There are 2 protein chains.
Amino acid sequence: MDDVARLAGVSKMTVSNVVNNRGGVSEPVRRRVREAIERSGYRVNVSARTLRSGRTGVIGLAVPEIDRPYFGRLASHVIERARRRGFHVAIEQTGAAAAGEIDAIAHARTLQFDGLILSAVGLDGRDRTPPEGDHPIVMLGEQDFGGRFDHIAMPNEEATAAATAHLLDRGCRAVAHVTGRLDWNLNMVNARHRGHLGALAARGVEADPALHVGLDALTMEAGRAAAHRLAAAGRPFDGVLAVTDTVALGVLRGLADVGLRVPDDVRVAGFDDIAEAAYLVPALTTVAPDHAWMAEKAVELVTERIADPGRPTSRYVAPYELVIRESTR
Amino acid sequence: MDDVARLAGVSKMTVSNVVNNRGGVSEPVRRRVREAIERSGYRVNVSARTLRSGRTGVIGLAVPEIDRPYFGRLASHVIERARRRGFHVAIEQTGAAAAGEIDAIAHARTLQFDGLILSAVGLDGRDRTPPEGDHPIVMLGEQDFGGRFDHIAMPNEEATAAATAHLLDRGCRAVAHVTGRLDWNLNMVNARHRGHLGALAARGVEADPALHVGLDALTMEAGRAAAHRLAAAGRPFDGVLAVTDTVALGVLRGLADVGLRVPDDVRVAGFDDIAEAAYLVPALTTVAPDHAWMAEKAVELVTERIADPGRPTSRYVAPYELVIRESTR
DNA sequence: GGCGGGAAGTTTATCGATAAAGTCACCTCC
DNA sequence: GGAGGTGACTTTATCGATAAACTTCCCGCC
C-alpha cells in the first residue's frame, strides 16, 4: 500500500479510502490511485484489514453434514446470497450433534466470523448450554430457542399435516409415519409427528401406534429397514409418510425389496424436495420448502444483526409447497 | 495476550510459545501460562497471527457446485482430512466454468489461503490462462495440466472401459454412451468416451455413432431427455452407459417414461457411486472411485506443497471399483 | 578456570491496514 | 472581516501476534 501511495503521490490513507470507496477523495486523485493500484498489482491484505477493523467479511454456515442433499442445496444458496452482499461463507460441519454445534459457535468466534448461520439439530432451547457470546447468530431450521436468536423455522407441523391429509385424500386408510425417535427431543421430528397426528385427528382417523416407526438415524439405510420392518409386522398399511426425502428414498427401496408396489400397494410421501425426488421411479411426492427464500432470509437476518447487534430478534417460517408426484398418484 | 503474560508473570513471547506448543518453556511455566489462559478466557486472534506469520491455516476447496452429490461427498471428506492436519477448509463454487475457476484462484490469493484444491472442469492445459501465481494448488479430478500442478486424476478411461466391458459381459450388444459433448474439450468426457470405445474395440464390437449421445449439460434432466431421444430414434439398444450417476439417474427415469424396463430391456451403468445409487430402484451399477482416498491424497499433497513449494509435482490416479447392482443384473 | 553449548526466557521490530484526530485551504454569511 | 464550516487530504497511534536476535544462567569438560 505504501508503494501505491508513493506511485500516486498521496498518503497511504488516501489509498485506503479509494480501495474502500470512501468519500473525501477528489475524482482526479481517485483515478490516479486506481491507476497506481493497477500498475503495481496491489491487493489488500485481508488479515491486516481484519486485525485493524475487527471485521472479516466472513459468515459461517454450520450444517450437520454438507453431503446431505438438503444441506448442499442450502449451502449453495447461502453462498450465492452472501456473495451479493459482499460476504464470504465458511462452511462448518457439526456432525448433527450438540457438541459439534457448540464447537461451531466457538470456532466462529475464534475465526472471527462476522456472523453465523447455524442449522442446529442437536442443541435445543432447554438443557444445553447455548451460545455464551453475543455474536450474531441466526438459527436455521429446526430447533427453537425461545426468541433468543433470529430464527428461520421450517413449516414442520403444518406442512407434514398437509402431506398426511393428501395421503388420506388419495384414499389411504393406514398411513405409517417413518420418522426419528421421539425421545431424541429433536424438535423437527416431534413437530412433524405432531403434524401427522393432527391431520389424522382432523379427519377422524385413529392413529395406530404400530404404524409409527422411530428410526435411530435419518438415513436411506434406516428408511429401507423401516419398510422391511413394516412389511414384516403384518399390520396392513397403504401409505407411508417419511420424515425426510432421504428416508423416503430408503423406504421406496425397502418396499421394492419386499415386493410392494408404489403407488399401487402403498403410497409414499417425503419432505424436503431434494433434487433427486423428481427423478426417482416412481417420482416422489414431497413437501418443498422454499430453499432460496430461506437462504436469502438467513443472510439478510445475519447481515442486519451484524450491522445492528442490538435489534430485537425475529422469527420467520419458510414458505412451502406440496409437490404431488407419482408416488401418491 | 498481554493480560495472560502479566497474569502468569512471563513475557508475551512465552505465552505465544505455550499457545503454539513450541519448545523452550519449562513445565512449571507452561502450566502457569495454561492456567492464566484458562482464567482470562484468552483466545488467539487469528488475523494478527496471520498478519505476522503469513499463514492462515485455511485451504481452499473449489468445486463446480457444492450441491452435486459427488462434490458434497468430496468436500465432506476433504474437510475431515484437513482438520486432522490442523487446516480449515473454505469452499468456493466455480459454477463449472473456467471464469469461476480463475476467480477461485484469485480469490484464494486475496483471502490468503495457504493452498487450494481445485476441482477444475473448465480450465484446461492449453488455451486458458493458467494460474499466474505460484500458490500451492492441487488439481483434483478431470483436467490435465501437463505436470505443472500436483494432480489427482480419476481413472476415467480405464474405469469406463471396465464398465462397458461389464455391460458386454452381461450380454448387451448395443451399448449407448450418454455423455457430454466431445467438442467441450472436457477431458473427463473425452477420456471416458475413449474408454468406452476402447472396450468396444477390444471385444470386436463396432461402435455405432448413433448410440453416442452428447448432452449439453450433465444433469438429471439431460439424462432423462437422452433416454427419450434414444427410444425415439428407433435404433435398438440394450445397454446405456452414463457418464455420471447423476446422468444415469435421469436416464433411469427417462427409460421408465417410455416404458423400457431396467435391466430386462436395457441395462444401465453410471460413474461416481453417489450415495443414492445403492438405493434406487433398480439399484445402479456404477464405478466407485475411492473418495476418501482422493480427499486424503489431495490434502496430503497440498499440505506438503505448502511446506515445500519447490518440490516436484506428482500425479496420482484414484483407485476405483466397479460396483455391480441390479441395473445390470 | 575458562570456554563452548544448550535451555529458558525476554526484547525488539515488524506484518499491513484503518480509526480518529489533525492540517490547511477555501468558502459563506452575518 | 472574522467566526464557523466544509472538503480533501495527511499524520499518528494502534489492532494482536510472532520471527529473530538477544540475555542469562547453568553445566560439563579439558
# chains A, B, ... in the order shown; residues from 1 in each chain; ligands from 1
call {"tool": "interface_residues", "arguments": {"of": "chain C", "to": "chain A", "cutoff": "6 Å", "atoms": "only C-alpha atoms (C1' of nucleotides)", "output": "PDB file with C-alpha atoms (C1' of nucleotides), in the first residue's frame"}}
result
ATOM      1  C1'  DG C  16      -0.425  -4.180   6.516  1.00  0.00           C
ATOM      2  C1'  DA C  17      -4.186  -1.951   7.218  1.00  0.00           C
ATOM      3  C1'  DT C  18      -7.557   1.711   9.384  1.00  0.00           C
TER       4       DT C  18
END
call {"tool": "residues_around", "arguments": {"residues": "D:DG4", "least_positions_apart": "6", "cutoff": "12 Å", "atoms": "only C-alpha atoms (C1' of nucleotides)", "output": "ChimeraX atom specification"}}
result
/C:27-30
call {"tool": "residues_around", "arguments": {"residues": "stretch 275-281 of chain B", "least_positions_apart": "5", "cutoff": "8 Å", "atoms": "only C-alpha atoms (C1' of nucleotides)", "output": "JSON, numbers by chain"}}
result
{"A": [220, 249, 250, 252, 253, 256, 280, 281], "B": [69, 245, 286, 325]}
call {"tool": "atom_distance", "arguments": {"atom1": "atom CA of B:Leu322", "atom2": "atom CA of B:Leu140"}}
result
20.7 Å
call {"tool": "closest_residue", "arguments": {"among": "D:DC15, D:DC25, D:DA3, D:DC30", "to": "chain A", "atoms": "only C-alpha atoms (C1' of nucleotides)"}}
result
D:DC15
call {"tool": "residues_around", "arguments": {"residues": "A:Arg39", "least_positions_apart": "5", "cutoff": "10 Å", "atoms": "only C-alpha atoms (C1' of nucleotides)", "output": "PDB file with N, CA and C atoms, in the first residue's frame"}}
result
ATOM      1  N   VAL A   4       1.907   1.890  -3.536  1.00  0.00           N
ATOM      2  CA  VAL A   4       0.837   2.517  -4.297  1.00  0.00           C
ATOM      3  C   VAL A   4       0.770   3.991  -3.954  1.00  0.00           C
ATOM      4  N   LEU A   7       3.576   5.782  -5.578  1.00  0.00           N
ATOM      5  CA  LEU A   7       3.336   5.865  -7.021  1.00  0.00           C
ATOM      6  C   LEU A   7       2.329   6.954  -7.375  1.00  0.00           C
ATOM      7  N   VAL A  33      -4.948   7.063  -8.124  1.00  0.00           N
ATOM      8  CA  VAL A  33      -4.716   5.950  -7.206  1.00  0.00           C
ATOM      9  C   VAL A  33      -5.108   4.630  -7.864  1.00  0.00           C
ATOM     10  N   ARG A  34      -6.249   4.631  -8.509  1.00  0.00           N
ATOM     11  CA  ARG A  34      -6.709   3.419  -9.196  1.00  0.00           C
ATOM     12  C   ARG A  34      -5.643   2.928 -10.163  1.00  0.00           C
TER      13      ARG A  34
END
call {"tool": "residues_around", "arguments": {"residues": "stretch 91-105 of chain A", "least_positions_apart": "2", "cutoff": "9 Å", "atoms": "only C-alpha atoms (C1' of nucleotides)", "output": "MDAnalysis selection string"}}
result
(chainID A and resid 59:66 75 89 107:110 116 118:124 128:133 135 137) or (chainID B and resid 76 79:80 89:91)
call {"tool": "write_last_selection", "arguments": {"atoms": "C-alpha atoms", "output": "compact mmCIF listing (two decimals), in the first residue's frame"}}
result
# COMPACT_ATOMS: atom_id res chain seq x y z
CA ILE A 59 -20.20 -15.53 7.56
CA GLY A 60 -20.05 -19.04 8.98
CA LEU A 61 -22.59 -21.61 7.91
CA ALA A 62 -22.76 -24.58 10.22
CA VAL A 63 -24.67 -27.57 8.93
CA PRO A 64 -24.85 -31.16 10.12
CA GLU A 65 -23.21 -32.62 7.03
CA ILE A 66 -22.54 -30.92 3.78
CA ALA A 75 -25.27 -24.03 1.31
CA VAL A 89 -19.14 -18.06 3.51
CA HIS A 107 -14.97 -21.78 16.13
CA ALA A 108 -16.92 -18.92 14.66
CA ARG A 109 -15.56 -16.75 17.43
CA THR A 110 -12.01 -17.94 17.09
CA LEU A 116 -23.01 -17.42 11.98
CA LEU A 118 -26.46 -22.31 12.43
CA SER A 119 -28.57 -25.17 11.26
CA ALA A 120 -28.92 -26.70 14.67
CA VAL A 121 -30.33 -30.12 15.25
CA GLY A 122 -28.63 -31.13 18.48
CA LEU A 123 -28.73 -28.02 20.60
CA ASP A 124 -32.06 -27.09 21.93
CA ARG A 128 -27.99 -27.35 26.61
CA THR A 129 -25.60 -24.54 27.24
CA PRO A 130 -26.43 -22.18 24.50
CA PRO A 131 -24.02 -19.82 22.84
CA GLU A 132 -22.17 -17.91 25.51
CA GLY A 133 -21.15 -14.91 23.49
CA HIS A 135 -22.17 -12.99 18.35
CA ILE A 137 -26.23 -15.94 15.19
CA SER B 76 -17.10 -33.64 3.40
CA ILE B 79 -12.91 -31.05 5.44
CA GLU B 80 -12.43 -34.03 7.67
CA VAL B 89 -11.38 -25.59 4.61
CA ALA B 90 -13.10 -22.78 2.75
CA ILE B 91 -15.38 -23.88 -0.05
call {"tool": "select_by_dssp", "arguments": {"residues": "stretch 54-195 of chain A", "states": "alpha helix (DSSP H)", "output": "PyMOL selection string"}}
result
chain A and resi 69-84+98-110+156-169+187-195
call {"tool": "write_last_selection", "arguments": {"atoms": "N, CA and C atoms", "output": "compact mmCIF listing (two decimals), in the first residue's frame"}}
result
# COMPACT_ATOMS: atom_id res chain seq x y z
N PRO A 69 -28.05 -33.96 0.61
CA PRO A 69 -28.54 -33.12 -0.48
C PRO A 69 -29.21 -31.85 0.03
N TYR A 70 -29.96 -31.99 1.06
CA TYR A 70 -30.69 -30.83 1.59
C TYR A 70 -29.74 -29.71 1.97
N PHE A 71 -28.67 -30.06 2.67
CA PHE A 71 -27.75 -29.03 3.16
C PHE A 71 -26.82 -28.54 2.05
N GLY A 72 -26.54 -29.42 1.11
CA GLY A 72 -25.74 -28.98 -0.02
C GLY A 72 -26.47 -27.88 -0.78
N ARG A 73 -27.73 -28.12 -0.99
CA ARG A 73 -28.52 -27.13 -1.71
C ARG A 73 -28.61 -25.83 -0.93
N LEU A 74 -28.88 -25.97 0.36
CA LEU A 74 -28.99 -24.80 1.21
C LEU A 74 -27.68 -23.99 1.16
N ALA A 75 -26.57 -24.69 1.30
CA ALA A 75 -25.27 -24.03 1.31
C ALA A 75 -25.05 -23.29 0.01
N SER A 76 -25.39 -23.96 -1.06
CA SER A 76 -25.20 -23.35 -2.37
C SER A 76 -25.95 -22.01 -2.45
N HIS A 77 -27.16 -22.02 -1.98
CA HIS A 77 -27.95 -20.79 -1.99
C HIS A 77 -27.36 -19.73 -1.06
N VAL A 78 -26.96 -20.15 0.12
CA VAL A 78 -26.44 -19.18 1.08
C VAL A 78 -25.17 -18.52 0.55
N ILE A 79 -24.30 -19.33 -0.05
CA ILE A 79 -23.06 -18.79 -0.61
C ILE A 79 -23.39 -17.72 -1.65
N GLU A 80 -24.34 -18.05 -2.49
CA GLU A 80 -24.72 -17.14 -3.55
C GLU A 80 -25.29 -15.82 -2.99
N ARG A 81 -26.18 -15.95 -2.04
CA ARG A 81 -26.81 -14.75 -1.48
C ARG A 81 -25.81 -13.89 -0.71
N ALA A 82 -24.94 -14.56 0.02
CA ALA A 82 -23.96 -13.82 0.82
C ALA A 82 -23.02 -13.05 -0.10
N ARG A 83 -22.67 -13.68 -1.20
CA ARG A 83 -21.75 -13.01 -2.12
C ARG A 83 -22.34 -11.68 -2.59
N ARG A 84 -23.62 -11.72 -2.86
CA ARG A 84 -24.25 -10.49 -3.33
C ARG A 84 -24.15 -9.37 -2.32
N ALA A 98 -24.93 -31.96 19.25
CA ALA A 98 -24.86 -30.73 20.03
C ALA A 98 -23.42 -30.29 20.23
N ALA A 99 -22.54 -31.26 20.49
CA ALA A 99 -21.13 -30.93 20.72
C ALA A 99 -20.54 -30.22 19.51
N GLY A 100 -20.86 -30.74 18.34
CA GLY A 100 -20.35 -30.13 17.12
C GLY A 100 -20.90 -28.73 16.93
N GLU A 101 -22.11 -28.53 17.37
CA GLU A 101 -22.71 -27.21 17.21
C GLU A 101 -22.09 -26.20 18.16
N ILE A 102 -21.81 -26.65 19.36
CA ILE A 102 -21.13 -25.77 20.31
C ILE A 102 -19.73 -25.44 19.79
N ASP A 103 -19.06 -26.45 19.26
CA ASP A 103 -17.77 -26.22 18.62
C ASP A 103 -17.86 -25.18 17.53
N ALA A 104 -18.89 -25.33 16.72
CA ALA A 104 -19.03 -24.42 15.58
C ALA A 104 -19.16 -22.98 16.07
N ILE A 105 -19.86 -22.81 17.17
CA ILE A 105 -20.03 -21.46 17.70
C ILE A 105 -18.69 -20.93 18.22
N ALA A 106 -17.98 -21.79 18.93
CA ALA A 106 -16.67 -21.38 19.44
C ALA A 106 -15.74 -21.07 18.28
N HIS A 107 -15.81 -21.94 17.29
CA HIS A 107 -14.97 -21.78 16.13
C HIS A 107 -15.26 -20.46 15.41
N ALA A 108 -16.52 -20.15 15.33
CA ALA A 108 -16.92 -18.92 14.66
C ALA A 108 -16.29 -17.72 15.38
N ARG A 109 -16.19 -17.84 16.69
CA ARG A 109 -15.56 -16.75 17.43
C ARG A 109 -14.06 -16.71 17.18
N THR A 110 -13.46 -17.88 17.28
CA THR A 110 -12.01 -17.94 17.09
C THR A 110 -11.62 -17.42 15.72
N ASN A 156 -42.76 -27.22 9.83
CA ASN A 156 -42.80 -28.66 10.08
C ASN A 156 -44.19 -29.22 10.31
N GLU A 157 -44.85 -28.66 11.28
CA GLU A 157 -46.13 -29.22 11.68
C GLU A 157 -47.17 -29.06 10.57
N GLU A 158 -47.26 -27.86 10.10
CA GLU A 158 -48.26 -27.55 9.10
C GLU A 158 -48.06 -28.33 7.80
N ALA A 159 -46.82 -28.34 7.32
CA ALA A 159 -46.57 -28.99 6.04
C ALA A 159 -46.74 -30.51 6.15
N THR A 160 -46.32 -31.07 7.29
CA THR A 160 -46.50 -32.50 7.47
C THR A 160 -47.98 -32.84 7.49
N ALA A 161 -48.74 -31.99 8.15
CA ALA A 161 -50.19 -32.22 8.19
C ALA A 161 -50.76 -32.20 6.77
N ALA A 162 -50.25 -31.28 5.97
CA ALA A 162 -50.74 -31.21 4.59
C ALA A 162 -50.41 -32.49 3.83
N ALA A 163 -49.21 -33.01 4.08
CA ALA A 163 -48.80 -34.23 3.37
C ALA A 163 -49.67 -35.41 3.80
N THR A 164 -49.90 -35.52 5.10
CA THR A 164 -50.74 -36.61 5.59
C THR A 164 -52.16 -36.47 5.03
N ALA A 165 -52.67 -35.26 5.05
CA ALA A 165 -54.02 -35.02 4.53
C ALA A 165 -54.10 -35.46 3.07
N HIS A 166 -53.04 -35.15 2.35
CA HIS A 166 -53.00 -35.54 0.94
C HIS A 166 -53.07 -37.06 0.78
N LEU A 167 -52.31 -37.78 1.61
CA LEU A 167 -52.34 -39.24 1.54
C LEU A 167 -53.74 -39.76 1.82
N LEU A 168 -54.38 -39.14 2.81
CA LEU A 168 -55.75 -39.57 3.14
C LEU A 168 -56.69 -39.27 1.97
N ASP A 169 -56.48 -38.10 1.37
CA ASP A 169 -57.30 -37.72 0.21
C ASP A 169 -57.20 -38.76 -0.89
N ASN A 187 -36.64 -31.32 17.83
CA ASN A 187 -37.82 -30.54 17.57
C ASN A 187 -38.46 -30.89 16.23
N MET A 188 -37.60 -31.04 15.23
CA MET A 188 -38.10 -31.32 13.90
C MET A 188 -38.93 -32.60 13.89
N VAL A 189 -38.37 -33.63 14.46
CA VAL A 189 -39.05 -34.93 14.47
C VAL A 189 -40.38 -34.84 15.23
N ASN A 190 -40.35 -34.22 16.35
CA ASN A 190 -41.57 -34.13 17.15
C ASN A 190 -42.63 -33.27 16.49
N ALA A 191 -42.18 -32.14 15.94
CA ALA A 191 -43.15 -31.24 15.30
C ALA A 191 -43.81 -31.94 14.10
N ARG A 192 -42.98 -32.65 13.34
CA ARG A 192 -43.56 -33.31 12.16
C ARG A 192 -44.53 -34.41 12.60
N HIS A 193 -44.15 -35.09 13.66
CA HIS A 193 -45.07 -36.14 14.11
C HIS A 193 -46.38 -35.54 14.62
N ARG A 194 -46.27 -34.44 15.32
CA ARG A 194 -47.48 -33.75 15.76
C ARG A 194 -48.36 -33.39 14.57
N GLY A 195 -47.71 -32.89 13.54
CA GLY A 195 -48.47 -32.52 12.34
C GLY A 195 -49.20 -33.71 11.76
call {"tool": "residues_around", "arguments": {"residues": "stretch 201-214 of chain A", "least_positions_apart": "3", "cutoff": "6 Å", "atoms": "only C-alpha atoms (C1' of nucleotides)", "output": "list of chain:residue names"}}
result
A:Ala176, A:His177, A:Val178, A:Thr179, A:Gly180, A:Arg181, A:Gly198
call {"tool": "write_last_selection", "arguments": {"atoms": "C-alpha atoms", "output": "PDB file, in the first residue's frame"}}
result
ATOM      1  CA  ALA A 176     -47.320 -45.181   8.616  1.00  0.00           C
ATOM      2  CA  HIS A 177     -45.082 -42.392   9.815  1.00  0.00           C
ATOM      3  CA  VAL A 178     -41.410 -43.259   9.409  1.00  0.00           C
ATOM      4  CA  THR A 179     -39.532 -40.776  11.498  1.00  0.00           C
ATOM      5  CA  GLY A 180     -36.865 -40.383  14.167  1.00  0.00           C
ATOM      6  CA  ARG A 181     -37.215 -41.460  17.739  1.00  0.00           C
ATOM      7  CA  GLY A 198     -53.084 -33.670  13.881  1.00  0.00           C
TER       8      GLY A 198
END
call {"tool": "select_by_dssp", "arguments": {"residues": "stretch 6-174 of chain B", "states": "strand (DSSP E)", "output": "compact mmCIF listing (two decimals) with N, CA and C atoms, in the first residue's frame"}}
result
# COMPACT_ATOMS: atom_id res chain seq x y z
N VAL B 58 -5.81 -22.02 6.35
CA VAL B 58 -7.01 -22.33 5.58
C VAL B 58 -6.62 -22.87 4.21
N ILE B 59 -7.26 -23.94 3.83
CA ILE B 59 -7.10 -24.48 2.49
C ILE B 59 -8.40 -24.22 1.75
N GLY B 60 -8.30 -23.71 0.56
CA GLY B 60 -9.49 -23.50 -0.25
C GLY B 60 -9.84 -24.77 -0.99
N LEU B 61 -11.12 -25.02 -1.15
CA LEU B 61 -11.56 -26.14 -1.97
C LEU B 61 -12.55 -25.59 -2.98
N ALA B 62 -12.15 -25.57 -4.23
CA ALA B 62 -13.01 -25.01 -5.26
C ALA B 62 -13.64 -26.13 -6.06
N VAL B 63 -14.95 -26.18 -6.02
CA VAL B 63 -15.69 -27.22 -6.74
C VAL B 63 -16.74 -26.55 -7.62
N HIS B 88 -8.21 -25.63 8.13
CA HIS B 88 -9.60 -25.35 7.96
C HIS B 88 -9.88 -25.25 6.46
N VAL B 89 -11.08 -25.59 6.04
CA VAL B 89 -11.38 -25.59 4.61
C VAL B 89 -12.41 -24.53 4.26
N ALA B 90 -12.12 -23.74 3.27
CA ALA B 90 -13.10 -22.78 2.75
C ALA B 90 -13.55 -23.26 1.39
N ILE B 91 -14.85 -23.36 1.21
CA ILE B 91 -15.38 -23.88 -0.05
C ILE B 91 -15.73 -22.74 -1.01
N GLU B 92 -15.31 -22.89 -2.23
CA GLU B 92 -15.66 -21.94 -3.29
C GLU B 92 -16.47 -22.68 -4.33
N GLN B 93 -17.39 -22.02 -4.95
CA GLN B 93 -18.11 -22.61 -6.07
C GLN B 93 -17.66 -21.93 -7.35
N GLY B 115 -3.31 -22.87 0.67
CA GLY B 115 -3.26 -23.72 -0.51
C GLY B 115 -4.66 -23.86 -1.09
N LEU B 116 -4.73 -24.41 -2.28
CA LEU B 116 -6.02 -24.55 -2.95
C LEU B 116 -6.14 -25.92 -3.59
N ILE B 117 -7.25 -26.56 -3.35
CA ILE B 117 -7.56 -27.80 -4.05
C ILE B 117 -8.62 -27.45 -5.07
N LEU B 118 -8.28 -27.59 -6.31
CA LEU B 118 -9.16 -27.11 -7.37
C LEU B 118 -9.69 -28.26 -8.21
N ILE B 137 -1.23 -25.29 -5.42
CA ILE B 137 -2.51 -25.70 -5.99
C ILE B 137 -2.45 -27.19 -6.31
N VAL B 138 -3.47 -27.90 -5.91
CA VAL B 138 -3.58 -29.30 -6.28
C VAL B 138 -4.81 -29.44 -7.17
N MET B 139 -4.61 -30.00 -8.32
CA MET B 139 -5.72 -30.20 -9.24
C MET B 139 -6.37 -31.54 -8.91
N LEU B 140 -7.67 -31.50 -8.85
CA LEU B 140 -8.37 -32.69 -8.44
C LEU B 140 -9.35 -33.06 -9.53
N GLY B 141 -9.23 -34.27 -10.03
CA GLY B 141 -10.23 -34.72 -10.96
C GLY B 141 -9.80 -34.66 -12.40
N ASP B 150 0.40 -30.49 -8.98
CA ASP B 150 0.08 -31.78 -8.41
C ASP B 150 -1.30 -32.14 -8.93
N HIS B 151 -1.51 -33.40 -9.20
CA HIS B 151 -2.76 -33.75 -9.85
C HIS B 151 -3.24 -35.12 -9.37
N ILE B 152 -4.48 -35.14 -8.97
CA ILE B 152 -5.09 -36.41 -8.64
C ILE B 152 -6.14 -36.66 -9.70
N ALA B 153 -5.87 -37.63 -10.53
CA ALA B 153 -6.75 -37.87 -11.67
C ALA B 153 -7.75 -38.97 -11.35
call {"tool": "atom_distance", "arguments": {"atom1": "atom CA of A:Val299", "atom2": "atom CA of A:Asp134"}}
result
17.7 Å
call {"tool": "atom_distance", "arguments": {"atom1": "atom CA of B:Ala222", "atom2": "atom CA of B:Trp184"}}
result
15.8 Å
call {"tool": "closest_residue", "arguments": {"among": "B:Trp293, B:Tyr42, B:Phe149, B:Tyr316", "to": "chain A", "atoms": "only C-alpha atoms"}}
result
B:Tyr42
call {"tool": "closest_atom_pairs", "arguments": {"of": "chain D", "to": "chain A", "cutoff": "8 Å", "atoms": "only C-alpha atoms (C1' of nucleotides)", "output": "tab-separated table"}}
result
residue	atom	partner	partner_atom	distance
D:DG7	C1'	A:Gly24	CA	6.7
D:DA8	C1'	A:Gly24	CA	5.7
D:DC9	C1'	A:Thr14	CA	7.3
D:DT10	C1'	A:Ser11	CA	6.5
D:DC15	C1'	A:Arg52	CA	4.4
D:DG16	C1'	A:Leu51	CA	7.4
call {"tool": "closest_residue", "arguments": {"among": "B:Phe113, B:Phe237, B:Phe271, B:Tyr320", "to": "chain A", "atoms": "only C-alpha atoms"}}
result
B:Phe113
